[in-house]
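Everything on this sheet refers to the single structure shown next.
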Amino acid sequence: MLVIAGTDSSGGAGLTRDVATLTQLRTEALCAVTAVTAQTDAAVTAVGKLPASLVSAQIAAAIATARVRAVKIGMLADAGIVAAVSAALPPREGTPLVLDPVLAASSGGELLDAAGRAALRRLLLPRTTLLTPNLGEAAVLLDAAAATGEEAIVAQGRALCALGALAVLMKGGHAGGPLAIDWLVTAEGGVESFSAPRLPVAQRGTGCALASAIAAGLAMGLGLAAACAQAKRHVTEMLRQAG
């Protein structure tokens with residue numbers, strides 16, 4: 001499968017986390033780099049965006065090299081790269097796309113500006129099989145307050161589906177309570193939840209790992225709900241081992 005994302009010099013997130021996840025799930029990774037970041041657990045200290053034409057060339061080369069059974073997108077950096085990625089992707093009907101909307105680093109550094117977010121909504125959501133925002137990212141994409149409570153969370157998931165995504169996984173990892181609950185909302189009106197105990201450990205890159213694991217499941221032929229459930233178990237075990 002193809003991963004389109006930025007690098008993280010600390011190794012905690014981005015392409016490093018994506019490839020590690022796919023290796024654990026025995027899925028071969030083709031990669032297209034969008035940006036190079038200098039990060040620690042505390043801060044993003046520098047960001048170097050690759051030319052959009054080079055990102056397009058990487059995607060074209062990956063598609064020419066091997067059959068792409070799924071695509072996972074992470075950091076896109078700016079509107080030009082969003083547009084280049086959108087134009088280079090294979091059709092959604094044959095290749096599922098999992099889009100993790102990386103808007104900011106865990107330490108707070110912005111990784112996609114307002115123009116990039118607008119381009120993502122306009123160009124990529126209509127191509128997306130599954131969008132995987134946390135509650136804060138969903139709120140930013142909708143220009144709304146962060147949802148609290150099941151009803152509001154599901155409503156925001158439906159609003160994101162209305163922008164073109166076939167399904168949205170509203171991640172509750174940053175919410176409170178004894179359970180970490182994710183809500184799968186589909187454009188057809190379906191709602192399903194996935195829960196796990198909230199573990200007393202914080203680790204960067206969980207969103208990258210979850211989206212990559214879901215894409216790996218789709219590449220293996222799993223249905224969307226089954227891929228989400230498998231990915232949830234994978235990330236829960238990753239956090240358990242980190243604790």
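By convention here, the chains of the structure tokens are called A, B, ... in the order presented, each chain's residues are numbered starting at 1, and ligands are numbered starting at 1 in the order presented.
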
Enumerate, in order of chain and increasing residue number, the residues of stretch 28-123 of chain A with an atom no farther than 12 Å from stretch 198-214 of chain A, each with its shortest atom pair and distance in Å to one decimal, counting only C-alpha atoms, as a tab-separated table.
residue	atom	partner	partner_atom	distance
A:Glu28	CA	A:Ser212	CA	11.5
A:Ala29	CA	A:Ser212	CA	10.0
A:Gln39	CA	A:Arg204	CA	11.2
A:Thr40	CA	A:Arg204	CA	10.1
A:Asp41	CA	A:Arg204	CA	7.6
A:Ala42	CA	A:Arg204	CA	10.4
A:Ala43	CA	A:Arg204	CA	11.8
A:Ala70	CA	A:Ile214	CA	9.6
A:Val71	CA	A:Ser212	CA	8.7
A:Lys72	CA	A:Ser212	CA	6.1
A:Ile73	CA	A:Ala211	CA	8.4
A:Gly74	CA	A:Cys208	CA	7.1
A:Met75	CA	A:Cys208	CA	9.6
A:Pro96	CA	A:Ile214	CA	10.4
A:Leu97	CA	A:Ile214	CA	9.9
A:Val98	CA	A:Ala211	CA	6.4
A:Leu99	CA	A:Ala211	CA	7.3
A:Asp100	CA	A:Ala211	CA	6.3
A:Pro101	CA	A:Gly207	CA	9.4
A:Val102	CA	A:Gly207	CA	8.8
A:Leu103	CA	A:Gly207	CA	11.7
A:Ala104	CA	A:Gly207	CA	11.8
A:Ala105	CA	A:Arg204	CA	8.9
A:Ser106	CA	A:Arg204	CA	6.7
A:Ser107	CA	A:Arg204	CA	9.2
A:Gly108	CA	A:Arg204	CA	12.0

- request: Check the DSSP output for the backbone and give back, as number ranges by chain, the residues of stretch 36-219 of chain A in strand (DSSP E).
  value: A: 36-39, 44-49, 71-73, 97-99, 130-131, 167-170, 179-186, 191-197

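Among A:Lys171, A:Thr236, A:Gly157, A:Asp113, the residue with the shortest atom-to-atom distance to A:Glu188, counting only C-alpha atoms, is A:Gly157.
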
Please provide as a short mmCIF file (atom, residue, chain, number, x, y, z; two decimals) with C-alpha atoms, in the first residue's frame all residues within 8 Å of A:Ser56, with the sequence filter that same-chain residues fewer than 5 positions apart are discarded (counting only C-alpha atoms).
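Output file selection_1.cif follows:
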data_model
loop_
_atom_site.label_atom_id
_atom_site.label_comp_id
_atom_site.auth_asym_id
_atom_site.auth_seq_id
_atom_site.Cartn_x
_atom_site.Cartn_y
_atom_site.Cartn_z
CA ALA A 84 -0.85 17.62 -6.33
CA VAL A 85 -1.80 14.59 -4.26
CA ALA A 88 -2.12 11.99 -8.68
#

message: Nearest residue to A:Leu224 out of A:Ala66, A:Leu160, A:Ala32, A:Thr186, using only C-alpha atoms?
response: A:Thr186

task: Determine which residues of stretch 84-239 of chain A DSSP labels as alpha helix (DSSP H) from the backbone of this structure, then write them out as a ChimeraX atom specification.
output: /A:84-88,114-119,135-142,150-161,206-219,224-239

Using only C-alpha atoms, please write the residues we just selected to a file, as a tab-separated table (two decimals), in the first residue's frame.
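New file selection22.tsv:
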chain	number	residue	atom	x	y	z
A	84	ALA	CA	-0.85	17.62	-6.33
A	85	VAL	CA	-1.80	14.59	-4.26
A	86	SER	CA	-5.44	14.86	-5.27
A	87	ALA	CA	-4.52	14.93	-8.97
A	88	ALA	CA	-2.12	11.99	-8.68
A	114	ALA	CA	-5.90	27.58	6.48
A	115	ALA	CA	-5.45	27.43	2.70
A	116	GLY	CA	-4.32	23.82	2.98
A	117	ARG	CA	-7.32	22.93	5.11
A	118	ALA	CA	-9.66	24.52	2.57
A	119	ALA	CA	-7.99	22.57	-0.24
A	135	LEU	CA	-12.34	15.63	18.04
A	136	GLY	CA	-10.20	18.76	17.78
A	137	GLU	CA	-9.35	18.17	14.11
A	138	ALA	CA	-12.99	17.52	13.26
A	139	ALA	CA	-13.94	20.83	14.89
A	140	VAL	CA	-11.29	22.74	12.93
A	141	LEU	CA	-12.37	21.18	9.62
A	142	LEU	CA	-15.96	22.19	10.34
A	150	GLU	CA	-22.16	10.96	21.59
A	151	GLU	CA	-24.92	12.91	19.85
A	152	ALA	CA	-22.70	15.89	19.01
A	153	ILE	CA	-19.78	13.67	17.97
A	154	VAL	CA	-21.96	11.68	15.58
A	155	ALA	CA	-23.47	14.89	14.21
A	156	GLN	CA	-20.02	16.23	13.36
A	157	GLY	CA	-19.14	12.92	11.73
A	158	ARG	CA	-22.22	13.25	9.55
A	159	ALA	CA	-21.31	16.84	8.68
A	160	LEU	CA	-17.89	15.67	7.50
A	161	CYS	CA	-19.50	12.90	5.44
A	206	THR	CA	-1.10	6.96	17.69
A	207	GLY	CA	-3.17	8.68	15.01
A	208	CYS	CA	-0.63	7.74	12.35
A	209	ALA	CA	-0.58	4.14	13.58
A	210	LEU	CA	-4.37	3.87	13.67
A	211	ALA	CA	-4.89	5.24	10.16
A	212	SER	CA	-2.09	3.08	8.73
A	213	ALA	CA	-3.46	-0.02	10.44
A	214	ILE	CA	-6.95	0.66	9.05
A	215	ALA	CA	-5.53	1.12	5.55
A	216	ALA	CA	-3.60	-2.15	5.94
A	217	GLY	CA	-6.81	-3.92	6.86
A	218	LEU	CA	-8.58	-2.50	3.80
A	219	ALA	CA	-5.64	-3.55	1.63
A	224	LEU	CA	-14.38	-0.96	6.96
A	225	ALA	CA	-15.73	-1.82	10.42
A	226	ALA	CA	-13.49	-4.88	10.70
A	227	ALA	CA	-10.45	-2.85	9.65
A	228	CYS	CA	-11.26	-0.19	12.27
A	229	ALA	CA	-11.70	-2.81	14.98
A	230	GLN	CA	-8.39	-4.48	14.10
A	231	ALA	CA	-6.60	-1.13	14.09
A	232	LYS	CA	-8.09	-0.17	17.45
A	233	ARG	CA	-6.75	-3.39	18.97
A	234	HIS	CA	-3.33	-2.74	17.45
A	235	VAL	CA	-3.05	0.78	18.87
A	236	THR	CA	-4.36	-0.30	22.27
A	237	GLU	CA	-1.65	-2.95	22.46
A	238	MET	CA	0.95	-0.41	21.32
A	239	LEU	CA	-0.05	1.88	24.19

- line: Using only C-alpha atoms, the best pick from A:Leu166, A:Ala46, A:Ile59, A:Met1 as closest to A:Arg26 would be A:Met1

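Residues in contact with A:Thr128 at up to 6 Å, not including ones fewer than 2 positions away on its chain and judged by only C-alpha atoms, are Leu97, Leu125, Pro126, Leu130 and Ala165 of chain A.
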
Would you put the residues from that selection into a file with C-alpha atoms, as a PDB file, in the first residue's frame?
ATOM      1  CA  LEU A  97      -8.093   5.989   0.835  1.00  0.00           C
ATOM      2  CA  LEU A 125     -12.697  14.703   1.139  1.00  0.00           C
ATOM      3  CA  PRO A 126     -14.694  13.770  -2.014  1.00  0.00           C
ATOM      4  CA  LEU A 130     -12.377   7.052   5.586  1.00  0.00           C
ATOM      5  CA  ALA A 165     -16.051  11.372   2.718  1.00  0.00           C
TER       6      ALA A 165
END

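Here the question is which of A:Thr7, A:Lys49, A:Thr95, A:Glu110 gets nearest to A:Met220 using only C-alpha atoms, and that residue is A:Thr95.
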
message: Which residues are near A:Ala62? Cut-off 9 Å, only C-alpha atoms, ignore same chain within fewer than 6 positions. Put them as an MDAnalysis selection string.
response: chainID A and resid 2 30:32 68

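Atom pair atom CA of A:Val55 / atom CA of A:Ala79: separated by 12.6 Å.
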